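Next comes target-v5.txt, a file with compact mmCIF, C-alpha atoms.
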```txt
# COMPACT_ATOMS: atom_id res chain seq x y z
CA MET T 1276 -2.28 -1.45 2.29
CA HIS T 1277 -2.69 0.17 -1.13
CA ILE T 1278 -1.44 -1.80 -4.12
CA PRO T 1279 0.35 0.65 -6.44
CA ASP T 1280 0.42 0.59 -10.24
CA GLY T 1281 2.74 -1.99 -11.78
CA ILE T 1282 2.81 -4.43 -8.85
CA VAL T 1283 0.08 -6.87 -9.89
CA PRO T 1284 -0.57 -8.30 -13.39
CA VAL T 1285 -3.03 -6.46 -15.64
CA GLN T 1286 -5.55 -9.34 -15.41
CA ILE T 1287 -5.78 -8.89 -11.64
CA GLY T 1288 -6.34 -5.16 -12.10
CA ILE T 1289 -9.14 -5.72 -14.63
CA GLY T 1290 -10.69 -8.48 -12.50
CA GLY T 1291 -10.63 -6.10 -9.53
CA TYR T 1292 -12.54 -3.48 -11.53
CA VAL T 1293 -15.17 -6.03 -12.59
CA VAL T 1294 -15.86 -7.33 -9.06
CA THR T 1295 -15.73 -3.80 -7.59
CA GLY T 1296 -18.25 -2.71 -10.25
CA LEU T 1297 -20.62 -5.52 -9.23
CA ILE T 1298 -20.33 -4.76 -5.50
CA THR T 1299 -20.81 -1.02 -6.13
CA TRP T 1300 -23.95 -1.79 -8.13
CA TYR T 1301 -25.25 -4.06 -5.32
CA SER T 1302 -24.44 -1.44 -2.66
CA LEU T 1303 -26.18 1.34 -4.63
CA ARG T 1304 -29.20 -0.91 -5.12
CA GLN T 1305 -29.38 -1.54 -1.37
CA ILE T 1306 -29.08 2.22 -0.75
CA ASN T 1307 -31.78 2.94 -3.33
CA ARG T 1308 -34.19 0.62 -1.51
CA MET T 1309 -34.02 2.80 1.60
CA LYS T 1310 -36.87 5.16 2.40
CA ASP T 1311 -34.71 8.19 1.64
CA PRO T 1312 -31.44 7.26 -0.12
CA MET T 1313 -30.18 10.85 0.16
CA GLN T 1314 -30.40 10.68 3.94
CA GLY T 1315 -27.04 8.99 4.42
CA VAL T 1316 -25.10 11.10 1.91
CA PRO T 1317 -23.91 13.81 4.35
CA LYS T 1318 -22.44 11.35 6.84
CA ALA T 1319 -20.99 9.29 3.97
CA ALA T 1320 -19.27 12.44 2.64
CA LEU T 1321 -17.91 13.33 6.07
CA LEU T 1322 -16.56 9.85 6.72
CA THR T 1323 -15.06 9.74 3.21
CA THR T 1324 -13.07 12.79 4.36
CA ALA T 1325 -11.88 10.87 7.41
CA PHE T 1326 -10.94 7.86 5.25
CA PHE T 1327 -9.13 10.10 2.73
CA VAL T 1328 -7.05 11.85 5.40
CA ALA T 1329 -6.46 8.70 7.50
CA SER T 1330 -3.87 7.33 5.07
CA LEU T 1331 -1.69 10.36 5.88
CA ILE T 1332 -1.56 9.45 9.56
CA HIS T 1333 1.43 7.16 9.91
CA LEU T 1334 2.06 5.14 13.03
CA PRO T 1335 5.61 3.93 13.62
CA ILE T 1336 5.09 0.31 14.66
CA PRO T 1337 8.55 -1.34 14.59
CA PRO T 1338 9.93 -2.64 12.34
CA ALA T 1339 7.62 -0.85 9.92
CA SER T 1340 5.57 2.29 9.59
CA VAL T 1341 1.88 1.75 8.92
CA HIS T 1342 -1.02 4.10 8.35
CA LEU T 1343 -4.63 4.20 9.50
CA VAL T 1344 -7.30 2.85 7.14
CA LEU T 1345 -10.59 3.22 9.09
CA ASN T 1346 -12.57 0.96 6.75
CA GLY T 1347 -14.17 -0.86 9.70
CA MET T 1348 -15.32 2.47 11.11
CA LEU T 1349 -16.92 3.38 7.77
CA GLY T 1350 -18.62 -0.01 7.63
CA CYS T 1351 -20.12 0.34 11.14
CA VAL T 1352 -21.42 3.87 10.66
CA LEU T 1353 -22.31 3.91 6.96
CA GLY T 1354 -23.50 0.40 6.15
CA TYR T 1355 -23.85 0.02 2.38
CA TYR T 1356 -22.72 3.61 1.80
CA ALA T 1357 -19.27 2.46 2.96
CA PHE T 1358 -18.32 0.74 -0.31
CA PRO T 1359 -18.88 3.73 -2.66
CA ALA T 1360 -17.42 6.03 0.03
CA ILE T 1361 -14.22 3.95 0.19
CA LEU T 1362 -14.00 3.87 -3.61
CA ILE T 1363 -14.23 7.67 -3.82
CA GLY T 1364 -11.68 8.04 -1.01
CA LEU T 1365 -9.29 5.63 -2.76
CA PHE T 1366 -9.62 7.55 -6.04
CA PHE T 1367 -8.63 10.81 -4.34
CA GLN T 1368 -5.80 9.11 -2.42
CA ALA T 1369 -4.41 7.72 -5.69
CA VAL T 1370 -4.50 11.00 -7.62
CA THR T 1371 -3.51 13.25 -4.73
CA PHE T 1372 -0.91 11.36 -2.70
CA GLY T 1373 -0.02 8.53 -5.07
CA HIS T 1374 -1.31 5.97 -2.55
CA GLY T 1375 -2.39 3.06 -4.70
CA GLY T 1376 -2.98 3.70 -8.38
CA LEU T 1377 -5.69 4.12 -10.96
CA SER T 1378 -5.03 0.73 -12.57
CA THR T 1379 -5.38 -0.91 -9.15
CA LEU T 1380 -8.35 1.16 -7.92
CA GLY T 1381 -10.67 -1.83 -8.39
CA ILE T 1382 -8.50 -4.28 -6.49
CA ASN T 1383 -7.86 -1.76 -3.69
CA GLY T 1384 -11.61 -1.17 -3.52
CA LEU T 1385 -12.06 -4.88 -2.86
CA ILE T 1386 -9.24 -5.05 -0.32
CA MET T 1387 -10.78 -2.30 1.80
CA GLY T 1388 -14.44 -2.35 0.77
CA ILE T 1389 -15.38 -6.01 1.29
CA PRO T 1390 -14.09 -6.04 4.92
CA ALA T 1391 -16.01 -2.78 5.52
CA LEU T 1392 -19.29 -4.40 4.41
CA LEU T 1393 -18.54 -7.45 6.55
CA ALA T 1394 -17.76 -5.13 9.48
CA TYR T 1395 -21.20 -3.56 9.03
CA HIS T 1396 -22.86 -6.98 9.31
CA LEU T 1397 -20.64 -7.91 12.27
CA PHE T 1398 -21.67 -4.67 14.00
CA GLN T 1399 -25.33 -5.46 13.36
CA LEU T 1400 -24.89 -8.80 15.16
CA ARG T 1401 -24.94 -6.83 18.44
CA GLN T 1402 -28.73 -6.78 18.09
CA THR T 1403 -28.78 -10.59 18.17
CA PHE T 1404 -25.86 -11.60 20.34
CA GLY T 1405 -25.43 -8.45 22.42
CA ARG T 1406 -28.86 -8.48 24.03
CA GLN T 1407 -27.57 -9.96 27.25
CA LEU T 1408 -25.02 -7.15 27.52
CA LYS T 1409 -25.60 -3.56 28.57
CA PRO T 1410 -26.39 -1.46 25.44
CA ARG T 1411 -23.26 0.70 25.69
CA LEU T 1412 -21.07 -2.33 26.26
CA ALA T 1413 -22.64 -4.10 23.28
CA PHE T 1414 -22.05 -1.03 21.07
CA GLY T 1415 -18.44 -0.69 22.18
CA LEU T 1416 -17.61 -4.38 22.01
CA PHE T 1417 -19.10 -5.03 18.58
CA ALA T 1418 -17.62 -1.82 17.17
CA PHE T 1419 -14.19 -2.88 18.45
CA LEU T 1420 -14.58 -6.36 16.95
CA ALA T 1421 -15.78 -4.92 13.63
CA GLY T 1422 -12.92 -2.40 13.41
CA THR T 1423 -10.27 -4.96 14.33
CA PHE T 1424 -11.68 -7.66 12.06
CA SER T 1425 -12.02 -5.30 9.10
CA LEU T 1426 -8.41 -4.08 9.21
CA GLY T 1427 -7.13 -7.61 9.83
CA LEU T 1428 -9.04 -9.01 6.88
CA SER T 1429 -7.89 -6.16 4.61
CA ALA T 1430 -4.28 -6.84 5.58
CA LEU T 1431 -4.71 -10.57 4.90
CA ILE T 1432 -6.26 -9.99 1.46
CA PHE T 1433 -3.57 -7.44 0.57
CA PHE T 1434 -0.67 -9.68 1.54
CA THR T 1435 -2.21 -12.76 -0.07
CA ILE T 1436 -2.52 -10.89 -3.38
CA VAL T 1437 1.05 -9.61 -3.06
CA ILE T 1438 2.47 -13.08 -2.32
CA VAL T 1439 0.48 -14.83 -5.03
CA THR T 1440 1.59 -12.34 -7.68
CA ILE T 1441 5.33 -12.17 -6.94
CA PRO T 1442 7.02 -12.01 -10.38
CA SER T 1443 9.18 -15.01 -11.22
CA ASN T 1444 12.30 -12.88 -11.70
CA LEU T 1445 12.23 -11.65 -8.09
CA ASP T 1446 13.66 -13.43 -5.07
CA ALA T 1447 10.37 -14.81 -3.72
CA ALA T 1448 11.79 -15.76 -0.31
CA THR T 1449 13.03 -12.22 0.36
CA GLU T 1450 9.72 -10.69 -0.74
CA ARG T 1451 7.74 -13.16 1.39
CA ALA T 1452 9.89 -12.40 4.44
CA ALA T 1453 9.32 -8.64 3.95
CA VAL T 1454 5.57 -9.26 3.55
CA PHE T 1455 5.36 -11.28 6.78
CA THR T 1456 7.25 -8.58 8.69
CA LEU T 1457 4.79 -5.96 7.48
CA LEU T 1458 1.85 -8.23 8.21
CA LEU T 1459 2.98 -8.53 11.84
CA ALA T 1460 3.08 -4.74 12.12
CA HIS T 1461 -0.62 -4.70 11.17
CA ILE T 1462 -1.69 -6.70 14.25
CA PRO T 1463 -1.28 -3.72 16.65
CA LEU T 1464 -2.79 -1.48 13.96
CA ALA T 1465 -5.90 -3.69 13.86
CA LEU T 1466 -6.29 -3.24 17.64
CA ILE T 1467 -5.80 0.52 17.32
CA GLU T 1468 -8.44 0.70 14.56
CA GLY T 1469 -10.81 -1.38 16.67
CA THR T 1470 -10.32 1.04 19.59
CA PHE T 1471 -10.88 4.08 17.31
CA THR T 1472 -14.05 2.53 15.92
CA ALA T 1473 -15.37 1.74 19.41
CA MET T 1474 -14.58 5.27 20.60
CA LEU T 1475 -16.37 6.90 17.66
CA VAL T 1476 -19.39 4.62 17.93
CA LEU T 1477 -19.70 5.22 21.68
CA PHE T 1478 -19.38 8.97 21.10
CA LEU T 1479 -22.09 8.91 18.40
CA GLU T 1480 -24.28 6.69 20.54
CA ARG T 1481 -24.14 9.32 23.26
CA VAL T 1482 -24.54 12.52 21.21
CA LYS T 1483 -26.52 11.43 18.13
CA PRO T 1484 -27.61 7.79 18.34
CA GLU T 1485 -29.82 8.06 15.24
CA LEU T 1486 -26.64 8.21 13.14
CA LEU T 1487 -26.02 4.60 13.99
CA GLN T 1488 -29.56 3.59 13.08
CA GLY T 1489 -29.33 5.02 9.57
CA GLU T 1490 -31.68 7.89 10.46
CA TRP T 1491 -29.71 11.01 9.64
CA MET M 347 62.52 -41.67 -1.11
CA VAL M 348 62.29 -38.45 0.91
CA LYS M 349 65.02 -36.87 -1.16
CA TRP M 350 63.06 -37.57 -4.35
CA TRP M 351 60.07 -35.53 -3.07
CA MET M 352 62.01 -32.48 -1.93
CA PRO M 353 62.54 -30.76 -5.31
CA VAL M 354 58.86 -31.33 -6.20
CA ILE M 355 57.65 -29.62 -2.99
CA CYS M 356 60.11 -26.77 -3.53
CA LEU M 357 58.87 -26.32 -7.08
CA MET M 358 55.23 -26.18 -5.88
CA VAL M 359 56.03 -23.55 -3.26
CA PHE M 360 57.94 -21.57 -5.85
CA GLN M 361 55.01 -21.76 -8.26
CA ALA M 362 52.60 -20.63 -5.54
CA GLU M 363 54.81 -17.69 -4.64
CA ARG M 364 55.09 -16.74 -8.25
CA ALA M 365 51.29 -16.68 -8.54
CA ILE M 366 50.97 -14.40 -5.50
CA ALA M 367 53.73 -12.18 -6.69
CA HIS M 368 52.01 -11.35 -10.01
CA GLY M 369 52.00 -7.68 -10.77
CA VAL M 370 48.74 -5.75 -10.42
CA ALA M 371 47.56 -3.23 -12.94
CA LEU M 372 44.87 -0.75 -11.96
CA ASN M 373 43.06 0.97 -14.77
CA TYR M 374 40.20 3.36 -14.71
CA LYS M 375 37.74 4.91 -17.05
CA THR M 376 35.00 7.44 -16.46
CA THR M 377 31.45 6.15 -16.81
CA GLN M 378 28.08 7.67 -16.15
CA ALA M 379 26.41 5.74 -13.37
CA LEU M 380 22.82 6.22 -12.25
CA GLU M 381 21.87 6.33 -8.61
CA ILE M 382 18.32 5.39 -7.64
CA GLN M 383 17.02 6.63 -4.32
CA ALA M 384 13.96 4.69 -3.13
CA LYS M 385 11.93 6.22 -0.30
CA TYR M 386 8.45 5.83 1.09
CA ASP M 387 6.31 8.94 1.03
CA THR M 388 7.09 9.36 4.72
CA GLY M 389 10.71 9.98 3.70
CA GLU M 390 11.86 6.66 5.14
CA PRO M 391 14.33 4.82 2.84
CA MET M 392 13.26 1.51 1.27
CA LYS M 393 15.99 -0.69 2.75
CA GLN M 394 16.99 -3.88 0.95
CA ALA M 395 14.26 -3.48 -1.66
CA GLN M 396 14.56 -5.63 -4.78
CA VAL M 397 15.57 -3.66 -7.86
CA THR M 398 15.06 -4.85 -11.44
CA VAL M 399 16.56 -2.90 -14.33
CA TYR M 400 15.12 -3.32 -17.83
CA ALA M 401 17.03 -2.16 -20.91
CA PRO M 402 14.93 -0.44 -23.63
CA ASN M 403 12.63 -2.79 -25.58
CA ARG M 404 13.74 -5.89 -23.68
CA GLU M 405 11.44 -8.01 -21.61
CA LYS M 406 14.10 -9.84 -19.64
CA PRO M 407 15.74 -8.02 -16.74
CA TRP M 408 19.10 -6.49 -17.65
CA LEU M 409 20.23 -6.30 -14.03
CA GLN M 410 18.88 -7.24 -10.62
CA GLY M 411 20.00 -6.17 -7.20
CA ARG M 412 18.98 -4.62 -3.91
CA THR M 413 19.02 -1.17 -2.43
CA ASP M 414 21.38 -0.49 0.46
CA ASP M 415 20.28 0.52 3.95
CA LYS M 416 19.79 4.09 2.76
CA GLY M 417 17.51 2.97 -0.08
CA ARG M 418 20.15 3.64 -2.75
CA PHE M 419 21.02 1.54 -5.77
CA THR M 420 23.70 2.47 -8.28
CA PHE M 421 24.28 0.97 -11.72
CA THR M 422 25.95 1.90 -14.97
CA PRO M 423 23.67 1.47 -17.98
CA ASP M 424 25.13 0.15 -21.20
CA ALA M 425 25.60 3.31 -23.27
CA SER M 426 25.38 1.23 -26.46
CA ILE M 427 21.67 0.64 -25.71
CA PRO M 428 20.16 4.12 -25.88
CA GLY M 429 16.54 4.72 -24.99
CA SER M 430 14.28 4.60 -21.97
CA TRP M 431 15.58 2.33 -19.23
CA GLU M 432 13.09 1.15 -16.65
CA VAL M 433 13.98 0.59 -13.02
CA LYS M 434 11.49 -1.24 -10.83
CA VAL M 435 11.80 -1.17 -7.05
CA ARG M 436 9.67 -3.45 -4.89
CA LEU M 437 9.48 -4.32 -1.20
CA ALA M 438 6.57 -6.16 0.47
CA GLY M 439 4.08 -5.23 -2.24
CA HIS M 440 5.10 -1.58 -2.25
CA GLY M 441 7.12 -0.05 -5.02
CA ASP M 442 7.30 2.02 -8.15
CA VAL M 443 8.77 2.14 -11.62
CA VAL M 444 10.96 4.95 -12.92
CA THR M 445 11.87 5.52 -16.57
CA ILE M 446 15.32 7.01 -17.23
CA PRO M 447 16.43 8.30 -20.64
CA VAL M 448 19.89 7.01 -21.55
CA GLY M 449 21.92 7.94 -24.63
CA ALA M 450 21.53 11.14 -26.60
CA THR M 451 19.54 12.85 -23.89
CA GLN M 452 21.57 11.50 -21.00
CA ALA M 453 23.73 14.61 -20.84
CA ASP M 454 20.64 16.63 -20.06
CA ALA M 455 19.32 14.17 -17.51
CA SER M 456 19.96 15.54 -14.09
CA ALA M 457 18.62 14.42 -10.75
CA LYS M 458 14.88 13.99 -10.85
CA GLU M 459 12.50 13.51 -8.00
CA GLY M 460 9.94 10.71 -8.30
CA SER M 461 6.33 11.87 -7.99
CA GLY M 462 7.58 15.29 -7.10
CA TYR M 463 4.83 17.30 -5.36
CA THR M 464 6.02 19.81 -2.82
CA PRO M 465 4.48 19.68 0.68
CA LEU M 466 2.63 22.91 -0.14
CA GLN M 467 1.10 21.42 -3.31
CA LYS M 468 0.10 18.30 -1.39
CA GLY M 469 -1.41 20.42 1.37
CA VAL M 470 -3.46 22.48 -1.10
CA MET M 471 -4.68 19.34 -2.91
CA THR M 472 -5.65 17.69 0.38
CA ALA M 473 -7.47 20.81 1.57
CA SER M 474 -9.33 21.05 -1.77
CA VAL M 475 -10.53 17.44 -1.59
CA VAL M 476 -11.52 17.79 2.09
CA TRP M 477 -13.40 21.01 1.33
CA GLY M 478 -15.16 19.34 -1.62
CA LEU M 479 -16.31 16.44 0.56
CA ILE M 480 -17.43 18.66 3.44
CA GLY M 481 -19.21 20.88 0.90
CA THR M 482 -21.03 17.82 -0.43
CA ALA M 483 -22.07 16.89 3.11
CA LEU M 484 -23.33 20.41 3.81
CA PHE M 485 -25.17 20.58 0.48
CA PHE M 486 -27.11 17.37 1.09
CA TRP M 487 -27.65 18.23 4.73
CA ARG M 488 -29.27 21.55 3.83
CA ARG M 489 -31.44 19.99 1.13
CA LYS M 490 -33.17 17.86 3.71
```
Take the structure I supplied and represent it as structure tokens, if you would.
Amino acid sequence: MHIPDGIVPVQIGIGGYVVTGLITWYSLRQINRMKDPMQGVPKAALLTTAFFVASLIHLPIPPASVHLVLNGMLGCVLGYYAFPAILIGLFFQAVTFGHGGLSTLGINGLIMGIPALLAYHLFQLRQTFGRQLKPRLAFGLFAFLAGTFSLGLSALIFFTIVIVTIPSNLDAATERAAVFTLLLAHIPLALIEGTFTAMLVLFLERVKPELLQGEW
Amino acid sequence: MVKWWMPVICLMVFQAERAIAHGVALNYKTTQALEIQAKYDTGEPMKQAQVTVYAPNREKPWLQGRTDDKGRFTFTPDASIPGSWEVKVRLAGHGDVVTIPVGATQADASAKEGSGYTPLQKGVMTASVVWGLIGTALFFWRRK
């Protein structure tokens, strides 16, 4: 899910940085408008830890091996803090494990950050569309949908970028076939991430529900 | 009519046999080949990954191929082109580039690991980052 250095053209890398910069600025502005912007920093730091370590947890889903991302979970719990948190996590993943790269930090931020923000809004929809449901069921269901959707969208953006930027000297058909195989392996992963997100949200809702309301 | 064809057919068969019966000469010379081993960070080999070899200061690929089922790719660089050879390995958007010195320094070039952190180094780095993030959380939590 992380695009390493040297895979995409330089223009894509620079474009990624520009758009990531704009979204980071927008996210920080939204955070700054809160009553106490510092309030969400501890949980953002803790979930950045989870995001950072998640890429080390590999799941053997034949025919590939994939790793957890947890961007949907960050979106549900952190809201607008999720984007800067993911960016910081990606930076440490790149310099520590070599997952991704510094030249592609911007584009990887978009791949994982935009779905996280959308997951946050999807999770918030429970207040509109989940009213008919029992509160716990609404929490669990919308968290599952947000987690699954977020990982699925990240995978789609990643593979679209990879396919669009296949260098002309490579065998495009072979690369496309490999990409589709890996994309299929991400379908079960999306369901696993959705389940993880639902489990965490239900746990938080039981032990510290204010965490999900943005009241740390 | 039939008799007229016979010598021609015999001649053709003879020619064909002569071609098959050519002598074979096997020669050999010692070259320095390079073996690339492509693995994911899980240790799993990158099977059938596309490999592109670039000679020094040349934009066009010098050689293209694929890794075998153990993630290995072997090639012999042209010793008359000394310098830094680049080998790019890519599979489904994952990959890396390795630069290999060929020529004067080739004698010194031994096997080299890619990114090369030991599990202990990785563990210490991970623990440091995790501790830094938890420390940040605790710092802001206490400030409240």
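Atom pair CA of Ile1332 in chain T / CA of Glu1480 in chain T has a distance of 25.4 Å (rounded to one decimal).
Rounded to one decimal, CA of Ile1386 in chain T and CA of Pro465 in chain M lie 28.3 Å from each other.
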Residue list for chain M near chain T as a PyMOL selection string, 6 Å, all atoms listed in the file: chain M and resi 438-439+476+479-480+483+486-487
Pick from M:Thr445, M:Lys416, M:Ala425, M:Lys434, whichever lies nearest to Lys385 in chain M using only C-alpha atoms: M:Lys416
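You can rank T:Leu1426, T:Leu1380, T:Ala1421, T:Leu1303 by their closest distance to Pro1463 in chain T using only C-alpha atoms, and at the top of that list sits T:Leu1426.
Shortest separation to Glu390 in chain M among M:Gly449, M:His440, M:Gly417, M:Ala473 occurs at residue M:Gly417, atoms counted being all atoms listed in the file.
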Near-Gln378 in chain M list (9 Å; all atoms listed in the file; drop same-chain fewer than 3 positions) as a ChimeraX atom specification: /M:421-423,425,452
Close residues, Ile1389 in chain T itself excluded, 9 Å, all atoms listed in the file, min 4 positions apart in chain, as a PyMOL selection string: chain T and resi 1298+1358+1384-1385+1393-1394+1425+1428-1429
Surrounding residues of Thr1299 in chain T excluding itself and chain neighbours under 2 positions, 10 Å, only C-alpha atoms, as a list in words: Val1293, Val1294, Thr1295, Gly1296, Leu1297, Tyr1301, Ser1302, Leu1303, Arg1304, Gln1305, Tyr1355, Tyr1356, Ala1357, Phe1358, Pro1359, Ala1360, Leu1362, Gly1384 and Gly1388 of chain T
Surrounding residues of Gly429 in chain M excluding itself and chain neighbours under 6 positions, 7 Å, all atoms listed in the file, as a VMD selection string: chain M and resid 402 447 to 449
Shortest interatomic distance to Ile1432 in chain T - which of T:Ala1413, T:Leu1477, T:Ile1361, T:Ile1382, counting all atoms listed in the file: T:Ile1382
Box for range 1473-1476 of chain T: with edges along x, y and z, all listed atoms inside and 4 Å added on each side, what are the centre and edge lengths in Å to one decimal, as JSON?
```
{"center_x": -17.0, "center_y": 4.3, "center_z": 19.1, "size_x": 12.8, "size_y": 13.2, "size_z": 10.9}
```
Gly1288 in chain T surroundings by only C-alpha atoms, 6 Å radius, close-in-sequence under 3 positions cut, as an MDAnalysis selection string: chainID T and resid 1285 1291 1379
Go ahead and write the selection's residues with C-alpha atoms as a PDB file, keeping the file's coordinate frame.
```
ATOM      1  CA  VAL T1285      -3.030  -6.460 -15.640  1.00  0.00           C
ATOM      2  CA  GLY T1291     -10.630  -6.100  -9.530  1.00  0.00           C
ATOM      3  CA  THR T1379      -5.380  -0.910  -9.150  1.00  0.00           C
TER       4      THR T1379
END
```
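Residue nearest Ala1465 in chain T, chosen from T:Gly1381, T:Gly1347, T:Pro1410, T:Pro1284 and counting all atoms listed in the file: T:Gly1347.
The coordinates place CA of Arg1406 in chain T at 21.3 Å from CA of Thr1470 in chain T.
Using all atoms listed in the file for every distance, the candidate list M:Asp442, M:Glu405, M:Asp387, M:Glu381 yields M:Glu381 as the residue closest to Thr420 in chain M.
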